[in-house]
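*Asks:* Before we start, here is the structure in question, set down as structure tokens.
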Amino acid sequence: MSGISNFKRVQSIIRERTSNNKLITILSFLFAFTLILSTIVYPNINNTIKAKFVDYSSGIINALYSPINTVNRSITNLYNIINVYDLNKKLMAENKEYKLQNNELVILRHKNNEYKKLLNIVNDIEFKFVTAKIISRSNLAYTKSVILMAGKNKNIISGSPVIYDKSLIGYINEVGNTSSRLVSITDSKVKIPALIIDKDLKIIVSGNNDKYLEILNLSNLSLIKDGDKVFTSGDGNKYPENLFVGTVRQKRNGDFIIEPFYDINSLSYVNILNWSLVNRGIDIKTDSIFYD
Amino acid sequence: MSMYSIIISNLKYLIPLFTTFIFTIITITPIMPIGYESLAPLLGVISMAFWIIHRPDIMGWFFVIIIGFFSDVFYGSILGSGILASITIRIVITKLLYKLEPINIYHSILYISTSIIIWLFVSLFIKFLLNIEFFSLYNFFFQALISIIISPVVIFFQLYLLKKISS
């Protein structure tokens, strides 16, 4: 290996040593710090810059993503074909359980409708949504996000919650003209006001750039147990209520974590909710601090 | 010599930037097998470090800043953190090169490993400073490990390109 380009390499290293780099180094550092500072002071401007560049590069990203994704999915399909017997056995057992639950659900739904009629309760808001294709995945130790092939052209706005099968996946952080960035619920900057419905226990769920979610501010650990279902509470107007977040799991050391129902890496498409005030059922004058 | 021929003859010096750009995009594609996709190797960082080690004259400050900027754009990290990380990597590697004699594959892997650790440390540190939030040390080590394990593949591919550029 050393023989390949040793002469050129030594030449270039000598050139590097003899050139005065101090000024360029200082300027480069200054530039980096200025950008970081501007991110703190003007986060929206920086997000717009990033979104613009993603817009311009989305064609290249998609061109590379699609074939690699196809190969990856084919390998998964092959694996599933090999394990079809075991999977079928498992699914049949699950199906039997779901059939029983479905019967109970029909009765509960009927009762619920009766109670709603008696109490004259206004129906829940049904959110409109846009389906968008995932064209990249950032699975890094410090960020968990994906790029979606939908932006302002599909009326996407920053902060819109993203769901899949009534499960919360994340929210929109940057919006370009033809693309947008979805920050996954597993990213450490995501905090979700949540509720364990059958125990009426309110918790804050946080990502930690891992597969699982952390539980914050839990006062009474004895109430929570492995297998509990966690839903969004709707507090703070960041996400709609009653979206499935995940299932509580107990670690070997006794700590509780939440396993998200959907791993973002297993999805190809997601639904972006229309999060404008009117679509949230708010048509009065509001303070932008609380609702934007 | 015409303008066209000057451009063509200098085009090969854009190969390091172009390949690093492509590797940065490949990092955000589903390259990891099912079950292990939660952390991807930092291919762009490996590629950038390779060119800083072998041709610091081509992989200059300007290219390093461009790569850092696009890494932030593609990865969705804080704008500026990638630039800071890549500048730091370039400084550390060029300082280490001062004390070095001809490089072999083990040296390359050592430098690239150092670069990956610097990149992750700078990115995590800035995110932590700005948001004071959770981060998993397990993820840090696992991502560094995956990147180091996969780095020889990128190194051998780039060695071929290096040979072409140098010939």
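Chain labels run A, B, ... following the order of the structure tokens; each chain numbers its residues from 1, and ligands are numbered from 1 in the order shown.
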Which residues are close to A:Val162, i.e. within 9 Å by only C-alpha atoms, leaving aside same-chain residues fewer than 4 positions away? Reply as JSON, numbers by chain.

*Replies:* {"A": [129, 167, 168, 169, 170, 171, 172, 182, 184, 270, 271, 272, 273]}

*Asks:* Find the residues around stretch 82-86 of chain B up to 10 Å (only C-alpha atoms counted), leave out those fewer than 4 positions away in its own chain, and share them as a ChimeraX atom specification.

*Replies:* /A:28-33,35-36 /B:45,48-49,61,63-73,75,77-78,90-92,115-123,126

*Asks:* Could you list the residues in chain A lying within 6 Å of chain B, using only C-alpha atoms, and format the result as a list in words?

*Replies:*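 Those within range of chain B come out as Ser2, Arg9, Ser12, Ala32, Leu35, Ile36, Lys50, Tyr65, Asn69, Ser136, Arg137, Ser138, Asn139, Leu140, Ala141, Tyr142, Ser188 and Asn208 of chain A.
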
*Asks:* Write the residues of the preceding selection, restricted to C-alpha atoms, as a compact mmCIF listing (two decimals), in the first residue's frame.

*Replies:*
# COMPACT_ATOMS: atom_id res chain seq x y z
CA SER A 2 2.82 2.34 0.89
CA ARG A 9 1.70 11.52 -0.64
CA SER A 12 1.56 16.63 -0.52
CA ALA A 32 -18.20 26.79 12.24
CA LEU A 35 -23.03 28.73 12.15
CA ILE A 36 -23.60 26.97 15.48
CA LYS A 50 -31.03 22.91 5.44
CA TYR A 65 -32.02 5.19 -1.68
CA ASN A 69 -33.88 -0.11 -0.15
CA SER A 136 -33.48 8.61 3.70
CA ARG A 137 -32.78 7.50 7.26
CA SER A 138 -30.30 9.16 9.65
CA ASN A 139 -29.51 6.43 12.17
CA LEU A 140 -26.73 8.10 14.08
CA ALA A 141 -25.79 8.14 17.75
CA TYR A 142 -26.79 11.81 17.98
CA SER A 188 -33.39 12.74 22.16
CA ASN A 208 -32.62 8.93 23.80

*Asks:* Per DSSP on the backbone, what are the strand (DSSP E or B) residues of stretch 124-266 of chain A, as a compact mmCIF listing (two decimals) with C-alpha atoms, in the first residue's frame?

*Replies:*
# COMPACT_ATOMS: atom_id res chain seq x y z
CA PHE A 129 -53.39 13.63 6.44
CA VAL A 130 -50.91 13.43 3.58
CA THR A 131 -49.05 10.20 2.85
CA ALA A 132 -45.34 10.71 2.16
CA LYS A 133 -42.53 8.42 1.04
CA ILE A 134 -39.38 8.04 3.15
CA ILE A 135 -36.23 8.69 1.07
CA SER A 136 -33.48 8.61 3.70
CA ARG A 137 -32.78 7.50 7.26
CA SER A 138 -30.30 9.16 9.65
CA ASN A 139 -29.51 6.43 12.17
CA LEU A 140 -26.73 8.10 14.08
CA THR A 143 -29.80 12.09 15.68
CA LYS A 144 -32.71 9.96 14.50
CA SER A 145 -34.58 11.43 11.57
CA VAL A 146 -35.75 10.68 8.04
CA ILE A 147 -36.29 12.78 4.92
CA LEU A 148 -39.78 12.65 3.38
CA PRO A 161 -47.27 15.20 13.92
CA VAL A 162 -46.48 12.14 11.81
CA ILE A 163 -48.33 8.88 12.37
CA TYR A 164 -48.65 5.39 10.97
CA SER A 167 -49.22 5.25 16.18
CA LEU A 168 -47.06 8.31 16.71
CA ILE A 169 -43.87 8.23 14.63
CA GLY A 170 -42.51 11.76 15.17
CA TYR A 171 -42.97 15.32 13.99
CA ILE A 172 -41.92 17.54 11.06
CA ASN A 173 -38.89 19.67 11.88
CA GLU A 174 -37.78 21.19 8.57
CA VAL A 175 -39.98 21.88 5.55
CA SER A 180 -39.29 17.68 4.69
CA ARG A 181 -37.51 16.18 7.69
CA LEU A 182 -39.29 13.99 10.18
CA VAL A 183 -37.68 13.75 13.62
CA SER A 184 -38.39 10.31 15.06
CA LYS A 191 -40.59 14.86 24.50
CA ILE A 192 -44.13 13.47 24.43
CA PRO A 193 -46.84 14.12 27.04
CA ALA A 194 -48.30 10.64 27.43
CA LEU A 195 -50.83 8.63 29.39
CA ILE A 196 -51.18 5.05 30.54
CA LEU A 201 -51.13 7.83 34.87
CA LYS A 202 -49.59 10.84 33.14
CA ILE A 203 -45.95 10.63 32.12
CA ILE A 204 -43.47 12.42 29.86
CA VAL A 205 -41.84 10.14 27.34
CA SER A 206 -38.46 11.07 25.85
CA GLY A 207 -36.30 9.62 23.11
CA LEU A 213 -37.94 5.57 24.85
CA GLU A 214 -37.26 6.79 28.38
CA ILE A 215 -39.90 7.66 30.98
CA LEU A 216 -39.43 11.01 32.72
CA LYS A 229 -49.85 0.52 26.69
CA VAL A 230 -48.80 4.18 26.40
CA PHE A 231 -50.83 6.75 24.43
CA THR A 232 -50.40 10.47 23.77
CA PHE A 244 -50.36 4.89 20.38
CA VAL A 245 -46.78 5.56 21.50
CA GLY A 246 -45.59 2.13 22.59
CA THR A 247 -45.57 -0.62 25.18
CA VAL A 248 -43.86 -0.50 28.59
CA ARG A 249 -40.99 -2.97 28.99
CA GLN A 250 -39.01 -3.75 32.12
CA PHE A 256 -38.90 0.80 32.75
CA ILE A 257 -38.54 1.77 29.10
CA ILE A 258 -41.05 2.08 26.28
CA GLU A 259 -40.81 0.05 23.12
CA PRO A 260 -42.29 2.04 20.18

*Asks:* Near stretch 276-284 of chain A, within 12 Å and counting only C-alpha atoms, which residues show up once chain neighbours fewer than 5 positions away are dropped, as a list in words?

*Replies:*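 Residues meeting the cut-off are Val122, Asn123, Asp124, Ile125, Glu126, Phe127, Lys128, Phe129, Asn155, Ile156, Ile157, Ser158, Gly159, Ser160, Pro161, Gly234, Asn237, Lys238, Tyr239, Pro240, Glu241, Phe290, Tyr291 and Asp292 of chain A.
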